[in-house]
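This is work_31.cif. It holds mmCIF, C-alpha atoms.
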data_entry
loop_
_atom_site.label_atom_id
_atom_site.label_comp_id
_atom_site.auth_asym_id
_atom_site.auth_seq_id
_atom_site.Cartn_x
_atom_site.Cartn_y
_atom_site.Cartn_z
CA MET A 1 0.00 0.00 0.00
CA ASP A 2 1.35 3.40 -1.03
CA LYS A 3 1.99 5.48 2.10
CA GLY A 4 2.92 8.58 0.12
CA VAL A 5 1.47 11.80 1.50
CA MET A 6 3.31 14.48 -0.49
CA ARG A 7 4.75 13.93 -3.95
CA ILE A 8 6.49 16.75 -5.81
CA VAL A 9 7.01 15.87 -9.48
CA ASN A 10 9.37 17.84 -11.78
CA LEU A 11 8.25 21.06 -10.13
CA GLY A 12 9.17 24.42 -11.63
CA VAL A 13 8.22 27.67 -9.86
CA GLU A 14 8.68 31.30 -10.82
CA VAL A 15 8.24 34.52 -8.86
CA ASN A 16 7.70 37.85 -10.63
CA GLY A 17 8.66 36.21 -13.89
CA LYS A 18 11.96 34.82 -12.53
CA ARG A 19 12.39 31.06 -12.42
CA ILE A 20 13.41 29.99 -8.90
CA LEU A 21 12.84 26.22 -8.85
CA GLN A 22 13.58 23.77 -11.65
CA ASN A 23 12.80 20.06 -11.85
CA VAL A 24 12.28 19.53 -8.10
CA ASN A 25 11.25 16.01 -7.08
CA LEU A 26 10.38 14.93 -3.53
CA TYR A 27 8.45 12.07 -2.00
CA ILE A 28 7.38 12.15 1.65
CA GLN A 29 5.62 9.20 3.22
CA GLU A 30 3.09 9.15 6.02
CA GLY A 31 4.83 9.85 9.33
CA GLN A 32 8.06 11.12 7.76
CA THR A 33 9.75 14.43 8.53
CA LEU A 34 12.19 15.96 6.04
CA ALA A 35 14.90 18.45 7.05
CA LEU A 36 15.50 20.92 4.21
CA PHE A 37 18.88 22.66 4.04
CA GLY A 38 20.37 25.15 1.61
CA PRO A 39 22.05 28.57 1.35
CA ASN A 40 20.04 31.78 1.24
CA GLY A 41 18.27 32.24 -2.08
CA SER A 42 18.38 28.56 -3.01
CA GLY A 43 14.57 28.22 -3.18
CA LYS A 44 13.66 26.58 0.14
CA SER A 45 10.93 29.04 1.12
CA THR A 46 9.73 29.15 -2.48
CA LEU A 47 9.10 25.41 -2.33
CA LEU A 48 7.02 25.76 0.83
CA MET A 49 5.03 28.68 -0.60
CA ALA A 50 4.33 26.74 -3.79
CA ILE A 51 3.09 23.73 -1.80
CA ALA A 52 0.94 26.04 0.34
CA GLY A 53 -0.60 27.61 -2.78
CA HIS A 54 0.60 31.20 -2.37
CA PRO A 55 -0.69 33.05 -5.46
CA ASN A 56 2.60 34.93 -6.05
CA TYR A 57 4.44 31.66 -6.62
CA LYS A 58 3.55 30.48 -10.12
CA ILE A 59 4.00 26.84 -11.04
CA TYR A 60 5.15 26.71 -14.65
CA ASP A 61 5.99 23.01 -14.74
CA GLY A 62 5.33 19.80 -12.82
CA ARG A 63 2.75 18.75 -10.26
CA ILE A 64 2.06 18.68 -6.52
CA ILE A 65 0.25 15.54 -5.35
CA PHE A 66 -1.17 15.46 -1.81
CA LYS A 67 -2.76 12.27 -0.49
CA GLY A 68 -3.12 11.02 -4.05
CA LYS A 69 -4.84 14.18 -5.34
CA ASP A 70 -3.33 16.68 -7.75
CA ILE A 71 -3.48 20.02 -5.90
CA THR A 72 -1.27 21.97 -8.32
CA ASP A 73 -4.08 24.38 -9.26
CA LEU A 74 -6.00 24.42 -5.98
CA PRO A 75 -6.24 27.73 -4.06
CA ALA A 76 -4.53 27.99 -0.67
CA ASN A 77 -7.75 27.80 1.38
CA GLU A 78 -8.64 24.46 -0.21
CA ARG A 79 -5.20 23.10 0.64
CA VAL A 80 -5.68 24.14 4.26
CA LYS A 81 -8.99 22.29 4.35
CA MET A 82 -7.22 19.19 3.03
CA GLY A 83 -4.79 19.28 5.95
CA ILE A 84 -1.76 21.36 4.89
CA GLY A 85 -0.37 23.82 7.43
CA VAL A 86 2.59 26.21 7.29
CA SER A 87 4.55 28.29 9.79
CA TYR A 88 6.03 31.33 8.07
CA GLN A 89 9.52 32.66 8.65
CA ASN A 90 8.28 36.27 8.86
CA PRO A 91 4.50 36.31 9.46
CA PRO A 92 2.73 39.68 9.26
CA LYS A 93 1.92 41.96 12.17
CA ILE A 94 -1.83 42.60 12.34
CA SER A 95 -3.04 45.49 14.45
CA GLY A 96 -6.58 45.23 15.81
CA VAL A 97 -6.65 41.42 15.73
CA LYS A 98 -6.04 39.78 19.09
CA LEU A 99 -4.04 36.58 19.34
CA ARG A 100 -6.84 35.17 21.51
CA ASP A 101 -9.33 35.48 18.64
CA ILE A 102 -6.93 33.83 16.18
CA VAL A 103 -6.33 31.01 18.64
CA LYS A 104 -10.07 30.35 18.97
CA HIS A 105 -10.50 30.39 15.19
CA CYS A 106 -7.64 27.92 14.68
CA ALA A 107 -9.08 25.62 17.32
CA ARG A 108 -12.46 25.62 15.55
CA ILE A 109 -10.75 24.64 12.29
CA GLY A 110 -8.81 21.83 13.95
CA GLY A 111 -11.51 20.67 16.35
CA THR A 112 -9.09 21.26 19.22
CA GLU A 113 -11.03 23.61 21.49
CA ASP A 114 -10.27 21.29 24.42
CA LYS A 115 -6.52 21.72 23.79
CA ILE A 116 -6.31 25.54 23.88
CA GLU A 117 -5.29 25.86 27.52
CA GLU A 118 -2.77 22.99 27.27
CA TYR A 119 -1.04 24.38 24.19
CA VAL A 120 -1.05 27.97 25.46
CA LYS A 121 0.79 26.80 28.58
CA LEU A 122 3.14 24.58 26.58
CA LEU A 123 4.24 27.55 24.47
CA LYS A 124 4.16 30.04 27.36
CA MET A 125 1.73 32.36 25.60
CA GLU A 126 -0.58 33.20 28.53
CA ASN A 127 0.55 36.83 28.73
CA LEU A 128 0.30 37.44 24.98
CA LEU A 129 -3.27 36.36 24.23
CA ASP A 130 -4.73 39.86 24.54
CA ARG A 131 -2.01 41.47 22.41
CA ASP A 132 -2.43 42.35 18.74
CA LEU A 133 -1.13 39.52 16.55
CA ASN A 134 2.70 39.67 16.39
CA VAL A 135 2.72 43.41 17.18
CA GLY A 136 5.69 44.07 19.46
CA PHE A 137 6.43 40.34 19.72
CA SER A 138 10.04 39.21 20.05
CA GLY A 139 11.44 36.74 17.52
CA GLY A 140 10.83 33.84 19.88
CA GLU A 141 7.29 35.00 20.65
CA VAL A 142 6.45 35.19 16.95
CA LYS A 143 7.69 31.62 16.42
CA ARG A 144 5.73 30.37 19.44
CA SER A 145 2.61 32.18 18.22
CA GLU A 146 2.88 30.49 14.82
CA LEU A 147 3.31 27.08 16.41
CA LEU A 148 0.38 27.61 18.76
CA GLN A 149 -1.85 28.34 15.77
CA LEU A 150 -0.57 25.28 13.91
CA LEU A 151 -1.00 22.95 16.87
CA LEU A 152 -4.62 24.03 17.18
CA MET A 153 -5.28 23.74 13.44
CA ASN A 154 -3.96 20.16 13.68
CA PRO A 155 -2.84 19.72 10.04
CA GLU A 156 -1.77 16.37 8.57
CA PHE A 157 1.14 17.87 6.64
CA VAL A 158 3.23 20.54 8.37
CA MET A 159 5.75 22.96 6.84
CA LEU A 160 8.02 24.97 9.15
CA ASP A 161 10.17 27.73 7.67
CA GLU A 162 13.22 28.17 9.92
CA PRO A 163 11.51 27.73 13.31
CA ASP A 164 14.93 28.10 15.01
CA SER A 165 16.09 31.34 13.36
CA GLY A 166 16.50 34.35 15.63
CA VAL A 167 15.48 32.31 18.67
CA ASP A 168 17.44 31.94 21.92
CA LEU A 169 18.25 28.53 23.40
CA GLU A 170 15.40 28.59 25.91
CA ASN A 171 12.86 29.31 23.17
CA VAL A 172 14.34 26.68 20.87
CA ALA A 173 13.72 24.05 23.55
CA VAL A 174 10.09 25.15 23.95
CA ILE A 175 9.59 25.30 20.18
CA GLY A 176 11.23 21.89 19.75
CA GLU A 177 8.85 20.29 22.23
CA ALA A 178 5.86 21.81 20.42
CA ILE A 179 7.11 20.59 17.03
CA LYS A 180 7.57 17.07 18.40
CA ILE A 181 3.91 17.09 19.41
CA LEU A 182 2.83 18.68 16.14
CA LEU A 183 4.61 16.02 14.08
CA GLU A 184 3.90 13.17 16.52
CA ARG A 185 7.62 12.38 16.64
CA ASP A 186 7.31 10.46 19.91
CA ARG A 187 4.68 8.11 18.44
CA LYS A 188 5.61 4.96 16.55
CA ASP A 189 2.20 4.97 14.84
CA ARG A 190 2.47 8.60 13.77
CA LYS A 191 0.45 9.75 10.78
CA LYS A 192 1.68 13.32 10.43
CA SER A 193 4.39 14.33 7.99
CA GLY A 194 6.26 17.51 7.29
CA ILE A 195 9.17 19.62 6.13
CA ILE A 196 11.43 21.65 8.43
CA ILE A 197 13.67 24.28 6.88
CA THR A 198 16.72 24.97 9.05
CA HIS A 199 19.95 26.88 8.50
CA THR A 200 21.67 26.16 11.79
CA GLY A 201 20.28 22.69 12.47
CA GLN A 202 19.64 23.83 16.05
CA ILE A 203 16.07 22.51 15.97
CA LEU A 204 17.32 19.01 15.07
CA LYS A 205 18.72 18.71 18.60
CA TYR A 206 15.12 18.63 19.80
CA VAL A 207 13.20 17.22 16.82
CA ASP A 208 14.53 14.26 14.84
CA ALA A 209 14.13 14.03 11.08
CA ASP A 210 13.97 10.92 8.90
CA TYR A 211 16.12 12.30 6.11
CA GLY A 212 17.65 15.50 4.86
CA VAL A 213 17.80 17.29 1.52
CA ILE A 214 19.98 20.12 0.28
CA MET A 215 18.40 22.59 -2.12
CA TYR A 216 21.03 24.37 -4.19
CA LYS A 217 20.42 26.89 -6.96
CA GLY A 218 16.75 25.92 -7.23
CA ARG A 219 17.30 22.17 -7.45
CA ILE A 220 17.52 19.18 -5.13
CA ALA A 221 21.28 18.62 -5.02
CA CYS A 222 21.77 16.10 -2.23
CA MET A 223 19.76 13.69 -0.09
CA GLY A 224 20.79 11.63 2.93
CA ASP A 225 21.05 11.45 6.70
CA PRO A 226 20.23 14.96 8.01
CA TYR A 227 22.87 14.87 10.73
CA ASP A 228 25.61 13.76 8.34
CA ILE A 229 24.57 16.51 5.93
CA LEU A 230 24.66 19.10 8.71
CA LYS A 231 28.15 18.05 9.85
CA THR A 232 29.47 18.21 6.29
CA VAL A 233 27.93 21.63 5.67
CA GLU A 234 29.32 22.99 8.95
CA ARG A 235 32.80 21.74 8.06
CA PHE A 236 33.01 22.35 4.32
CA GLY A 237 30.10 24.61 3.31
CA TYR A 238 27.22 23.91 0.94
CA GLU A 239 29.14 23.90 -2.33
CA GLU A 240 31.62 21.27 -1.19
CA CYS A 241 28.85 19.27 0.45
CA VAL A 242 26.97 19.16 -2.85
CA ARG A 243 30.14 18.09 -4.68
CA LYS A 244 30.77 15.29 -2.17
CA CYS A 245 27.19 14.15 -2.43
CA LEU A 246 27.20 14.14 -6.23
CA ARG A 247 30.36 12.07 -6.26
CA THR A 248 28.65 9.36 -4.22
CA LEU A 249 25.43 9.23 -6.29
#
Take the structure in this file and express it as structure tokens.
Amino acid sequence: MDKGVMRIVNLGVEVNGKRILQNVNLYIQEGQTLALFGPNGSGKSTLLMAIAGHPNYKIYDGRIIFKGKDITDLPANERVKMGIGVSYQNPPKISGVKLRDIVKHCARIGGTEDKIEEYVKLLKMENLLDRDLNVGFSGGEVKRSELLQLLLMNPEFVMLDEPDSGVDLENVAVIGEAIKILLERDRKDRKKSGIIITHTGQILKYVDADYGVIMYKGRIACMGDPYDILKTVERFGYEECVRKCLRTL
């Protein structure tokens, strides 16, 4: 039985008429988490935005298959209904909209009203609920706010864009624990799958990943053990890591 949840086939994406991704292929099975590495500008966030259905990211080639259905042309709201969730690297600040109201809305979507108090405490957001969404939030608070919303929406496929960037060690530990719950990483019978973009690999100390991929110049350039990839990148840099990987393919 095919356990594939997300299949990216020969995907090409352009933004403002500029081609960013070319011939990207990925296959993520039920319960798998992928760590996505790559230098700035390599197309990592573009891939997540294309999967999420952001209208500014135009797919000029290939397909996105989610749970056996071609979603390439579906609008973003339909993808959310199907069970795709994303945590943005730089979510907007929204004055006049309280975090408390967003939390309640997310819980209604995910059927998790009974989990609001538990997740608010887990992410230490009690004192922020009556603040405008992300207005005056620190980097760590923004990341925790995004994860709180995702936990309550309870998606089947989760995409996290650099959840460890600009976050101190204490916040990374809190965020890591939330991601483990979100992706069911402590469960052997887990159903949830996802992609975690990370530059530093800091989050991988708290959340394990099944395999890693390097995106380089808009293409998938290397695939393997995420911790081996991270060590090689830290020692030699991305370009040499890609060369080493290509030599072993």
Worksheet item: Quick one: of A:Gly194, A:Gly68, A:Gly12, A:Gly43, who's nearest to Ile28 of chain A, counting only C-alpha atoms?
Response: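 Checking each candidate against Ile28 of chain A, we get A:Gly194 as the closest.
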Practice prompt. Given the file shown, enumerate the residues that the PyMOL selection byres ((chain A and resi 191) around 9) captures and present them as a VMD selection string.
Written response: chain A and resid 30 to 32 156 183 to 184 187 189 to 190 192 to 193
Fill in: Protein and nucleic acid residues near (15.0, 23.7, -10.3) (cut-off 6 Å, all atoms listed in the file) as a ChimeraX atom specification
/A:21-24,218-219
I would like the residues chosen by the PyMOL selection byres ((chain A and resi 132-148) around 7) on the shown file; could you give them as a compact mmCIF listing (two decimals) with C-alpha atoms, keeping the file's coordinate frame?
# COMPACT_ATOMS: atom_id res chain seq x y z
CA SER A 87 4.55 28.29 9.79
CA LYS A 93 1.92 41.96 12.17
CA ILE A 94 -1.83 42.60 12.34
CA SER A 95 -3.04 45.49 14.45
CA GLY A 96 -6.58 45.23 15.81
CA VAL A 97 -6.65 41.42 15.73
CA LYS A 98 -6.04 39.78 19.09
CA LEU A 99 -4.04 36.58 19.34
CA TYR A 119 -1.04 24.38 24.19
CA VAL A 120 -1.05 27.97 25.46
CA LEU A 123 4.24 27.55 24.47
CA ASP A 130 -4.73 39.86 24.54
CA ARG A 131 -2.01 41.47 22.41
CA GLN A 149 -1.85 28.34 15.77
CA LEU A 150 -0.57 25.28 13.91
CA LEU A 151 -1.00 22.95 16.87
CA LEU A 152 -4.62 24.03 17.18
CA PRO A 163 11.51 27.73 13.31
CA GLY A 166 16.50 34.35 15.63
CA VAL A 167 15.48 32.31 18.67
CA ASN A 171 12.86 29.31 23.17
CA ILE A 175 9.59 25.30 20.18
Discussion item. Calculated over all atoms listed in the file, which of the candidates A:Lys44, A:Glu234, A:Leu182, A:Gly17 has the smallest distance to Val213 of chain A?
Written reply: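 Residue with the minimum atom-to-atom distance to Val213 of chain A: A:Lys44.
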Item to complete: Write out as a list of chain:residue names which residues come within 10 Å of Thr232 of chain A when counting all atoms listed in the file, dropping same-chain ones fewer than 5 positions away.
Response: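 Using all atoms listed in the file, the neighbours found are A:Pro226, A:Tyr227, A:Gly237, A:Tyr238, A:Glu240, A:Cys241, A:Val242, A:Lys244, A:Cys245.
Compared by their closest atoms to Arg108 of chain A, and using only C-alpha atoms, the residues A:Leu230, A:Ile214, A:Ala76, A:Met153 rank with A:Met153 nearest.
With all atoms listed in the file as the atoms that count, the minimum distance from Ser45 of chain A to the choices A:His199, A:Arg7, A:Arg243, A:Lys104 is reached by A:His199.
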Worksheet entry | Chain and number of each residue from the PyMOL selection byres ((chain A and resi 224) around 8), as a list of chain:residue names |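 Here the PyMOL selection byres ((chain A and resi 224) around 8) matches A:Tyr211, A:Gly212, A:Val213, A:Cys222, A:Met223, A:Asp225, A:Pro226, A:Asp228, A:Ile229.
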Discussion item. Which residue is closest to Val86 of chain A? Choose from A:Ile51, A:Ala209, A:Val13, A:Ile116 and count all atoms listed in the file.
Written reply: A:Ile51
Discussion item. Nearest residue to Arg19 of chain A out of A:Asn40, A:Thr33, A:Thr46, A:Gln202, using all atoms listed in the file?
Written reply: A:Thr46
To test the calculation: enclose all listed atoms of segment 152-163 of chain A in a box whose edges run along x, y and z, add 5 Å on each side, then state centre and edge lengths in Å to one decimal, as JSON.
{"center_x": 4.0, "center_y": 22.3, "center_z": 11.9, "size_x": 28.5, "size_y": 21.8, "size_z": 20.5}
Please list as a short mmCIF file (atom, residue, chain, number, x, y, z; two decimals) with C-alpha atoms, in the frame of the given file every residue within 10 Å of Thr200 of chain A, counting all atoms listed in the file and excluding residues in the same chain fewer than 5 positions away.
data_model
loop_
_atom_site.label_atom_id
_atom_site.label_comp_id
_atom_site.auth_asym_id
_atom_site.auth_seq_id
_atom_site.Cartn_x
_atom_site.Cartn_y
_atom_site.Cartn_z
CA PHE A 37 18.88 22.66 4.04
CA GLU A 162 13.22 28.17 9.92
CA ASP A 164 14.93 28.10 15.01
CA SER A 165 16.09 31.34 13.36
CA LEU A 230 24.66 19.10 8.71
CA VAL A 233 27.93 21.63 5.67
CA GLU A 234 29.32 22.99 8.95
#
Worksheet item: Rounded to one decimal in Å, what is the spacing between atom CA of Tyr60 of chain A and atom CA of Leu11 of chain A?
Response: 7.9 Å
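Atom pair atom CA of Ile195 of chain A / atom CA of Asn10 of chain A has a distance of 18.0 Å (rounded to one decimal).
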Item to complete: Measure the distance from atom CA of Asp186 of chain A to atom CA of Met6 of chain A in Å and round it to one decimal.
Response: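 We find that atom CA of Asp186 of chain A and atom CA of Met6 of chain A lie 21.2 Å from each other.
Close contacts of Ile8 of chain A, defined as residues with an atom at most 6 Å away when counting only C-alpha atoms, with chain neighbours fewer than 2 positions off set aside, comprise Asn25, Leu26 and Ile64 of chain A.
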Output as a compact mmCIF listing (two decimals), in the coordinates of the input: segment 165-201 of chain A, completed with N, CA and C atoms.
# COMPACT_ATOMS: atom_id res chain seq x y z
N SER A 165 15.32 30.12 13.69
CA SER A 165 16.09 31.34 13.36
C SER A 165 15.71 32.49 14.29
N GLY A 166 16.72 33.20 14.77
CA GLY A 166 16.50 34.35 15.63
C GLY A 166 15.88 34.01 16.97
N VAL A 167 16.10 32.78 17.43
CA VAL A 167 15.48 32.31 18.67
C VAL A 167 16.57 31.90 19.65
N ASP A 168 16.44 32.32 20.92
CA ASP A 168 17.44 31.94 21.92
C ASP A 168 17.27 30.48 22.33
N LEU A 169 18.24 29.95 23.07
CA LEU A 169 18.25 28.53 23.40
C LEU A 169 17.03 28.10 24.19
N GLU A 170 16.58 28.94 25.10
CA GLU A 170 15.40 28.59 25.91
C GLU A 170 14.17 28.44 25.02
N ASN A 171 14.00 29.37 24.08
CA ASN A 171 12.86 29.31 23.17
C ASN A 171 12.96 28.14 22.21
N VAL A 172 14.18 27.81 21.78
CA VAL A 172 14.34 26.68 20.87
C VAL A 172 13.87 25.40 21.54
N ALA A 173 14.15 25.24 22.82
CA ALA A 173 13.72 24.05 23.55
C ALA A 173 12.19 23.97 23.62
N VAL A 174 11.56 25.10 23.89
CA VAL A 174 10.09 25.15 23.95
C VAL A 174 9.50 24.85 22.57
N ILE A 175 10.06 25.49 21.55
CA ILE A 175 9.59 25.30 20.18
C ILE A 175 9.80 23.84 19.74
N GLY A 176 10.95 23.28 20.10
CA GLY A 176 11.23 21.89 19.75
C GLY A 176 10.21 20.93 20.34
N GLU A 177 9.84 21.16 21.59
CA GLU A 177 8.85 20.29 22.23
C GLU A 177 7.50 20.40 21.53
N ALA A 178 7.13 21.61 21.13
CA ALA A 178 5.86 21.81 20.42
C ALA A 178 5.87 21.13 19.05
N ILE A 179 7.01 21.21 18.35
CA ILE A 179 7.11 20.59 17.03
C ILE A 179 7.04 19.07 17.15
N LYS A 180 7.65 18.52 18.18
CA LYS A 180 7.57 17.07 18.40
C LYS A 180 6.13 16.62 18.55
N ILE A 181 5.33 17.40 19.26
CA ILE A 181 3.91 17.09 19.41
C ILE A 181 3.19 17.26 18.09
N LEU A 182 3.48 18.36 17.40
CA LEU A 182 2.83 18.68 16.14
C LEU A 182 3.05 17.59 15.10
N LEU A 183 4.26 17.05 15.06
CA LEU A 183 4.61 16.02 14.08
C LEU A 183 4.55 14.60 14.65
N GLU A 184 4.07 14.49 15.88
CA GLU A 184 3.90 13.17 16.52
C GLU A 184 5.20 12.38 16.54
N ARG A 185 6.33 13.05 16.76
CA ARG A 185 7.62 12.38 16.64
C ARG A 185 7.87 11.35 17.74
N ASP A 186 7.15 11.44 18.83
CA ASP A 186 7.31 10.46 19.91
C ASP A 186 6.39 9.25 19.75
N ARG A 187 5.61 9.22 18.67
CA ARG A 187 4.68 8.11 18.44
C ARG A 187 5.18 7.21 17.32
N LYS A 188 5.20 5.90 17.58
CA LYS A 188 5.61 4.96 16.55
C LYS A 188 4.55 4.84 15.45
N ASP A 189 3.29 5.09 15.81
CA ASP A 189 2.20 4.97 14.84
C ASP A 189 1.82 6.33 14.25
N ARG A 190 2.78 7.24 14.20
CA ARG A 190 2.47 8.60 13.77
C ARG A 190 1.95 8.63 12.33
N LYS A 191 1.04 9.55 12.10
CA LYS A 191 0.45 9.75 10.78
C LYS A 191 0.91 11.05 10.13
N LYS A 192 1.37 11.99 10.95
CA LYS A 192 1.68 13.32 10.43
C LYS A 192 3.07 13.37 9.79
N SER A 193 3.15 14.18 8.76
CA SER A 193 4.39 14.33 7.99
C SER A 193 4.72 15.81 7.87
N GLY A 194 5.95 16.10 7.45
CA GLY A 194 6.26 17.51 7.29
C GLY A 194 7.65 17.80 6.77
N ILE A 195 7.89 19.10 6.58
CA ILE A 195 9.17 19.62 6.13
C ILE A 195 9.61 20.70 7.11
N ILE A 196 10.87 20.61 7.56
CA ILE A 196 11.43 21.65 8.43
C ILE A 196 12.62 22.27 7.71
N ILE A 197 12.53 23.55 7.41
CA ILE A 197 13.67 24.28 6.88
C ILE A 197 14.53 24.75 8.05
N THR A 198 15.83 24.49 7.99
CA THR A 198 16.72 24.97 9.05
C THR A 198 18.08 25.34 8.46
N HIS A 199 18.61 26.47 8.90
CA HIS A 199 19.95 26.88 8.50
C HIS A 199 20.99 26.34 9.48
N THR A 200 20.69 26.50 10.75
CA THR A 200 21.67 26.16 11.79
C THR A 200 21.60 24.70 12.21
N GLY A 201 20.46 24.05 11.99
CA GLY A 201 20.28 22.69 12.47
C GLY A 201 19.99 22.62 13.95
